[in-house]
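Colleague: Below is the structure I would like to discuss, written out as structure tokens.
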Amino acid sequence: MEEYLAFTNKSVGRDKIYRTTQFACKLLAWSLKSNGGDYASIIEKIKKLESHAGLGRKFLRLGRSVHSLNSAQGAINLLDPVLRVTLTTFYINQGVYLFLDHYLWMGKLGLVTVDSKWEMTAARFYHFSICLSILRDLYLLQQTQLALQGKDEEEGFNVMSLYETCKENPAATLDLIRNLIDLPLPASKLGYIANHDGVVAICGLMSSLIGAYQLLNPKLKPKP
């Protein structure tokens with residue numbers, strides 16, 4: 001019970017709940033529609049819940065663009081040059097994406113008129129953020145592998161060494177899996193891959209559950 005209260009007490013935790021609800025609704029609506037039955041009224045209600053969950057997430061993210069830019073100031077002081085460049089760029093990019101997300105949220109509420117092109121611009125920043133996060137995870141895993149090879153110089157790259165690397169650094173491994181699963185979301189919106197509601201829903205739901213698990217287990221979040 002205490003873990004649940006601590007989880008829901010964080011805005012990030014509530015965001016995970018809303019995100020999981022959003023993609024679970026999307027998956028359920030797609031499943032009912034694919035069955036071809038007379039589920040029109042049920043699907044409409046599910047889509048309304050999905051829409052409200054999405055708007056709720058955008059509301060919870062208000063102000064996080066400033067937090068991302070502040071994190072960029074910390075990242076620029078990292079000693080590792082690869083992490084310094086990757087994470088600084090990531091946080092700046094994420095900050096711009098969240099700022100656009102705030103703008104799109106106001107458009108959804110009818111407070112401002114938003115051109116549809118801004119949705120695509122936000123998707124590009126979101127896509128680039130995920131790519132940068134993947135690069136960070138791969139670099140952390142590479143550093144882990146090099147450290148393990150230093151203990152056994154005769155060991156080359158093979159399936160066993162890959163397994164040992166992932167086992168040694170489960171945080172980067174799990175984060176890499178989550179980011180790879182997340183990648184089809186903006187990629188499908190941008191037209192890089194075919195847009196399939198079922199695939200997007202499954203990927204979104206899986207990455208949401210992994211993200212929630214990482215939040216409940218801070219050791220499984222890669223550092224820095």
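In the structure tokens, the first chain shown is A, the next is B, and so on; residue numbers restart at 1 for each chain, and ligands run from 1 in the order shown.
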Give one line per residue of region 103-198 of chain A that approaches region 76-80 of chain A to at most 12 Å, naming the two atoms of the closest pair and their distance in Å to one decimal, counting only C-alpha atoms; sort by chain then ascending residue number and deliver it as a Markdown table.

Modeller:
| residue | atom | partner | partner_atom | distance |
| --- | --- | --- | --- | --- |
| A:Arg136 | CA | A:Asp80 | CA | 11.6 |
| A:Tyr139 | CA | A:Asp80 | CA | 11.0 |
| A:Leu140 | CA | A:Asp80 | CA | 11.0 |
| A:Gln143 | CA | A:Asp80 | CA | 11.2 |

Colleague: Find the residues near region 207-213 of chain A: any atom within 6 Å, counting only C-alpha atoms, skip ones fewer than 2 places away on the same chain, and give them as a list in words.

Modeller: Lys16, Thr20, Arg178, Gly204, Leu205, Leu215 and Leu216 of chain A

Colleague: If you count only C-alpha atoms, which residues fall within 10 Å of Ile43 (chain A), apart from same-chain ones fewer than 5 positions away, as a PDB file with C-alpha atoms, in the first residue's frame?

Modeller:
ATOM      1  CA  CYS A  25      -8.327   1.831 -24.161  1.00  0.00           C
ATOM      2  CA  LYS A  26      -6.771   2.152 -27.600  1.00  0.00           C
ATOM      3  CA  LEU A  28      -9.498  -2.505 -26.439  1.00  0.00           C
ATOM      4  CA  ALA A  29     -11.186  -0.243 -28.999  1.00  0.00           C
ATOM      5  CA  TRP A  30      -9.067  -1.701 -31.799  1.00  0.00           C
ATOM      6  CA  SER A  31      -9.841  -5.270 -30.665  1.00  0.00           C
ATOM      7  CA  LEU A  32     -13.593  -4.643 -30.585  1.00  0.00           C
ATOM      8  CA  LYS A  33     -13.504  -2.914 -33.956  1.00  0.00           C
ATOM      9  CA  ASP A  38     -21.999  -4.264 -33.014  1.00  0.00           C
ATOM     10  CA  LYS A  48     -13.749   9.149 -24.939  1.00  0.00           C
ATOM     11  CA  LEU A  49     -11.911   7.642 -21.977  1.00  0.00           C
TER      12      LEU A  49
END

Colleague: Could you name the residues that touch region 179-184 of chain A at 8 Å or less, counting only C-alpha atoms, but leaving out those on the same chain fewer than 6 positions away, as a list in words?

Modeller: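 Using only C-alpha atoms, the neighbours found are His127, Ile130, Cys131, Ser133, Ile134, Ile193, Val200, Cys203, Gly204, Met206 and Ser207 of chain A.
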
Colleague: Those residues you just picked out, can you put them in a file as a PDB file, in the first residue's frame with N, CA, C and O atoms?

Modeller:
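File written: out_20.pdb
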ATOM      1  N   HIS A 127      10.323  11.681 -31.554  1.00  0.00           N
ATOM      2  CA  HIS A 127      11.073  10.610 -32.211  1.00  0.00           C
ATOM      3  C   HIS A 127      12.572  10.762 -31.970  1.00  0.00           C
ATOM      4  O   HIS A 127      13.265   9.788 -31.647  1.00  0.00           O
ATOM      5  N   ILE A 130      13.576   9.773 -28.381  1.00  0.00           N
ATOM      6  CA  ILE A 130      13.684   8.330 -28.199  1.00  0.00           C
ATOM      7  C   ILE A 130      14.989   7.810 -28.802  1.00  0.00           C
ATOM      8  O   ILE A 130      15.676   6.984 -28.206  1.00  0.00           O
ATOM      9  N   CYS A 131      15.348   8.319 -29.987  1.00  0.00           N
ATOM     10  CA  CYS A 131      16.600   7.899 -30.636  1.00  0.00           C
ATOM     11  C   CYS A 131      17.811   8.246 -29.773  1.00  0.00           C
ATOM     12  O   CYS A 131      18.740   7.434 -29.639  1.00  0.00           O
ATOM     13  N   SER A 133      17.807   8.613 -26.532  1.00  0.00           N
ATOM     14  CA  SER A 133      17.754   7.746 -25.348  1.00  0.00           C
ATOM     15  C   SER A 133      18.285   6.356 -25.682  1.00  0.00           C
ATOM     16  O   SER A 133      18.971   5.731 -24.869  1.00  0.00           O
ATOM     17  N   ILE A 134      17.987   5.877 -26.881  1.00  0.00           N
ATOM     18  CA  ILE A 134      18.500   4.579 -27.329  1.00  0.00           C
ATOM     19  C   ILE A 134      20.019   4.622 -27.442  1.00  0.00           C
ATOM     20  O   ILE A 134      20.716   3.682 -27.033  1.00  0.00           O
ATOM     21  N   ILE A 193       6.885   4.287 -40.793  1.00  0.00           N
ATOM     22  CA  ILE A 193       6.378   2.911 -40.876  1.00  0.00           C
ATOM     23  C   ILE A 193       4.861   2.984 -41.022  1.00  0.00           C
ATOM     24  O   ILE A 193       4.261   4.042 -40.808  1.00  0.00           O
ATOM     25  N   VAL A 200       0.450   0.127 -32.521  1.00  0.00           N
ATOM     26  CA  VAL A 200       0.700   1.319 -31.701  1.00  0.00           C
ATOM     27  C   VAL A 200       0.169   1.116 -30.287  1.00  0.00           C
ATOM     28  O   VAL A 200       0.840   1.452 -29.297  1.00  0.00           O
ATOM     29  N   CYS A 203       2.379  -1.536 -28.394  1.00  0.00           N
ATOM     30  CA  CYS A 203       3.685  -0.940 -28.058  1.00  0.00           C
ATOM     31  C   CYS A 203       3.545   0.091 -26.944  1.00  0.00           C
ATOM     32  O   CYS A 203       4.338   0.120 -26.002  1.00  0.00           O
ATOM     33  N   GLY A 204       2.528   0.938 -27.054  1.00  0.00           N
ATOM     34  CA  GLY A 204       2.314   1.961 -26.039  1.00  0.00           C
ATOM     35  C   GLY A 204       2.000   1.369 -24.680  1.00  0.00           C
ATOM     36  O   GLY A 204       2.498   1.843 -23.651  1.00  0.00           O
ATOM     37  N   MET A 206       2.786  -1.739 -23.576  1.00  0.00           N
ATOM     38  CA  MET A 206       3.965  -2.440 -23.059  1.00  0.00           C
ATOM     39  C   MET A 206       5.003  -1.469 -22.498  1.00  0.00           C
ATOM     40  O   MET A 206       5.537  -1.672 -21.408  1.00  0.00           O
ATOM     41  N   SER A 207       5.281  -0.397 -23.249  1.00  0.00           N
ATOM     42  CA  SER A 207       6.280   0.572 -22.782  1.00  0.00           C
ATOM     43  C   SER A 207       5.793   1.296 -21.527  1.00  0.00           C
ATOM     44  O   SER A 207       6.595   1.657 -20.653  1.00  0.00           O
TER      45      SER A 207
END

Colleague: As a VMD selection string, please: the residues near Tyr163 (chain A) (cut-off 12 Å, only C-alpha atoms, same-chain neighbours under 6 positions excluded).

Modeller: chain A and resid 141 144 to 145 148 157 169 to 170 173

Colleague: Atoms to include: all heavy atoms. Write the selected residues as a PDB file, in the first residue's frame.

Modeller:
ATOM      1  N   LEU A 141      25.664   0.191 -22.295  1.00  0.00           N
ATOM      2  CA  LEU A 141      25.877  -1.247 -22.434  1.00  0.00           C
ATOM      3  C   LEU A 141      27.258  -1.544 -23.019  1.00  0.00           C
ATOM      4  O   LEU A 141      27.918  -2.518 -22.637  1.00  0.00           O
ATOM      5  CB  LEU A 141      24.783  -1.866 -23.306  1.00  0.00           C
ATOM      6  CG  LEU A 141      23.396  -1.954 -22.654  1.00  0.00           C
ATOM      7  CD1 LEU A 141      22.355  -2.396 -23.669  1.00  0.00           C
ATOM      8  CD2 LEU A 141      23.414  -2.934 -21.478  1.00  0.00           C
ATOM      9  N   THR A 144      29.738  -1.150 -20.290  1.00  0.00           N
ATOM     10  CA  THR A 144      29.652  -2.317 -19.403  1.00  0.00           C
ATOM     11  C   THR A 144      30.378  -3.505 -20.016  1.00  0.00           C
ATOM     12  O   THR A 144      31.117  -4.218 -19.335  1.00  0.00           O
ATOM     13  CB  THR A 144      28.176  -2.687 -19.153  1.00  0.00           C
ATOM     14  OG1 THR A 144      27.491  -1.578 -18.576  1.00  0.00           O
ATOM     15  CG2 THR A 144      28.071  -3.885 -18.211  1.00  0.00           C
ATOM     16  N   GLN A 145      30.194  -3.699 -21.326  1.00  0.00           N
ATOM     17  CA  GLN A 145      30.853  -4.809 -22.013  1.00  0.00           C
ATOM     18  C   GLN A 145      32.368  -4.644 -21.994  1.00  0.00           C
ATOM     19  O   GLN A 145      33.114  -5.604 -21.759  1.00  0.00           O
ATOM     20  CB  GLN A 145      30.355  -4.890 -23.451  1.00  0.00           C
ATOM     21  CG  GLN A 145      30.937  -6.084 -24.211  1.00  0.00           C
ATOM     22  CD  GLN A 145      30.567  -6.050 -25.675  1.00  0.00           C
ATOM     23  OE1 GLN A 145      30.287  -4.990 -26.224  1.00  0.00           O
ATOM     24  NE2 GLN A 145      30.574  -7.202 -26.300  1.00  0.00           N
ATOM     25  N   LEU A 148      33.687  -5.551 -18.636  1.00  0.00           N
ATOM     26  CA  LEU A 148      33.718  -7.002 -18.435  1.00  0.00           C
ATOM     27  C   LEU A 148      34.840  -7.649 -19.234  1.00  0.00           C
ATOM     28  O   LEU A 148      35.494  -8.589 -18.766  1.00  0.00           O
ATOM     29  CB  LEU A 148      32.370  -7.618 -18.845  1.00  0.00           C
ATOM     30  CG  LEU A 148      31.168  -7.292 -17.953  1.00  0.00           C
ATOM     31  CD1 LEU A 148      29.889  -7.853 -18.556  1.00  0.00           C
ATOM     32  CD2 LEU A 148      31.369  -7.866 -16.549  1.00  0.00           C
ATOM     33  N   PHE A 157      33.437 -10.834 -28.544  1.00  0.00           N
ATOM     34  CA  PHE A 157      31.991 -10.610 -28.546  1.00  0.00           C
ATOM     35  C   PHE A 157      31.274 -11.865 -29.018  1.00  0.00           C
ATOM     36  O   PHE A 157      31.558 -12.408 -30.080  1.00  0.00           O
ATOM     37  CB  PHE A 157      31.641  -9.439 -29.459  1.00  0.00           C
ATOM     38  CG  PHE A 157      30.169  -9.172 -29.511  1.00  0.00           C
ATOM     39  CD1 PHE A 157      29.546  -8.477 -28.490  1.00  0.00           C
ATOM     40  CD2 PHE A 157      29.411  -9.628 -30.578  1.00  0.00           C
ATOM     41  CE1 PHE A 157      28.181  -8.229 -28.536  1.00  0.00           C
ATOM     42  CE2 PHE A 157      28.047  -9.386 -30.625  1.00  0.00           C
ATOM     43  CZ  PHE A 157      27.431  -8.684 -29.606  1.00  0.00           C
ATOM     44  N   ASN A 169      24.177  -4.992 -16.446  1.00  0.00           N
ATOM     45  CA  ASN A 169      23.557  -3.670 -16.475  1.00  0.00           C
ATOM     46  C   ASN A 169      22.077  -3.798 -16.856  1.00  0.00           C
ATOM     47  O   ASN A 169      21.667  -3.414 -17.960  1.00  0.00           O
ATOM     48  CB  ASN A 169      24.287  -2.761 -17.459  1.00  0.00           C
ATOM     49  CG  ASN A 169      23.947  -1.293 -17.252  1.00  0.00           C
ATOM     50  OD1 ASN A 169      22.942  -0.959 -16.625  1.00  0.00           O
ATOM     51  ND2 ASN A 169      24.774  -0.412 -17.774  1.00  0.00           N
ATOM     52  N   PRO A 170      21.242  -4.314 -15.946  1.00  0.00           N
ATOM     53  CA  PRO A 170      19.820  -4.514 -16.268  1.00  0.00           C
ATOM     54  C   PRO A 170      19.070  -3.203 -16.486  1.00  0.00           C
ATOM     55  O   PRO A 170      18.082  -3.175 -17.225  1.00  0.00           O
ATOM     56  CB  PRO A 170      19.285  -5.253 -15.037  1.00  0.00           C
ATOM     57  CG  PRO A 170      20.220  -4.895 -13.928  1.00  0.00           C
ATOM     58  CD  PRO A 170      21.560  -4.753 -14.578  1.00  0.00           C
ATOM     59  N   THR A 173      19.606  -2.178 -20.073  1.00  0.00           N
ATOM     60  CA  THR A 173      18.956  -3.184 -20.916  1.00  0.00           C
ATOM     61  C   THR A 173      17.450  -2.979 -20.963  1.00  0.00           C
ATOM     62  O   THR A 173      16.844  -2.952 -22.043  1.00  0.00           O
ATOM     63  CB  THR A 173      19.258  -4.603 -20.384  1.00  0.00           C
ATOM     64  OG1 THR A 173      20.670  -4.807 -20.344  1.00  0.00           O
ATOM     65  CG2 THR A 173      18.619  -5.658 -21.270  1.00  0.00           C
TER      66      THR A 173
END

Colleague: Return as CSV the residues of region 2-33 of chain A lying at most 9 Å from region 54-57 of chain A, together with the closest atom-to-atom pair for each and the distance in Å to one decimal, counting only C-alpha atoms, with rows in chain order and ascending residue number.

Modeller:
residue,atom,partner,partner_atom,distance
A:Arg14,CA,A:Arg57,CA,8.2
A:Asp15,CA,A:Arg57,CA,5.5
A:Lys16,CA,A:Arg57,CA,8.5
A:Tyr18,CA,A:Arg57,CA,6.1
A:Arg19,CA,A:Arg57,CA,6.9
A:Thr21,CA,A:Gly54,CA,8.9
A:Gln22,CA,A:Gly54,CA,6.2

Colleague: For the residues in that selection, give me C-alpha atoms as a short mmCIF file (atom, residue, chain, number, x, y, z; two decimals), in the first residue's frame.

Modeller:
data_model
loop_
_atom_site.label_atom_id
_atom_site.label_comp_id
_atom_site.auth_asym_id
_atom_site.auth_seq_id
_atom_site.Cartn_x
_atom_site.Cartn_y
_atom_site.Cartn_z
CA ARG A 14 0.15 9.49 -12.26
CA ASP A 15 1.36 10.07 -15.82
CA LYS A 16 2.21 6.37 -16.09
CA TYR A 18 -2.90 7.78 -17.40
CA ARG A 19 -0.62 6.53 -20.19
CA THR A 21 -5.10 3.67 -19.37
CA GLN A 22 -4.82 5.57 -22.65
#

Colleague: Write out as a PyMOL selection string the residues lying within 6 Å of Ala75 (chain A), counting only C-alpha atoms and excluding same-chain residues fewer than 2 positions away.

Modeller: chain A and resi 72-73+77-78+84+87-88

Colleague: What gap, in Å, lies between CA of Leu60 (chain A) and CA of Ile177 (chain A)?

Modeller: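 So the answer is 25.0 Å.
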
Colleague: Can you tell me, as a list in words, what residues are no more than 7 Å from region 108-122 of chain A when counting only C-alpha atoms, ignoring any on the same chain fewer than 4 positions away?

Modeller: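 In the requested form, the answer reads Tyr97, Leu100, Asp101, Leu104, Tyr126 and Leu190 of chain A.
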
Colleague: Record the distance separating CA of Leu138 (chain A) and CA of Val12 (chain A), expressed in Å with one decimal.

Modeller: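 For CA of Leu138 (chain A) relative to CA of Val12 (chain A), the distance reads 24.4 Å.
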
Colleague: Any idea what the distance is between CA of Thr86 (chain A) and CA of Leu135 (chain A)?

Modeller: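 Taking CA of Thr86 (chain A) and CA of Leu135 (chain A), their separation equals 7.6 Å.
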
Colleague: Among the residues of region 106-158 of chain A, find those DSSP assigns to helix (DSSP H, G or I) from the backbone and print them as a ChimeraX atom specification.

Modeller: /A:106-108,117-151
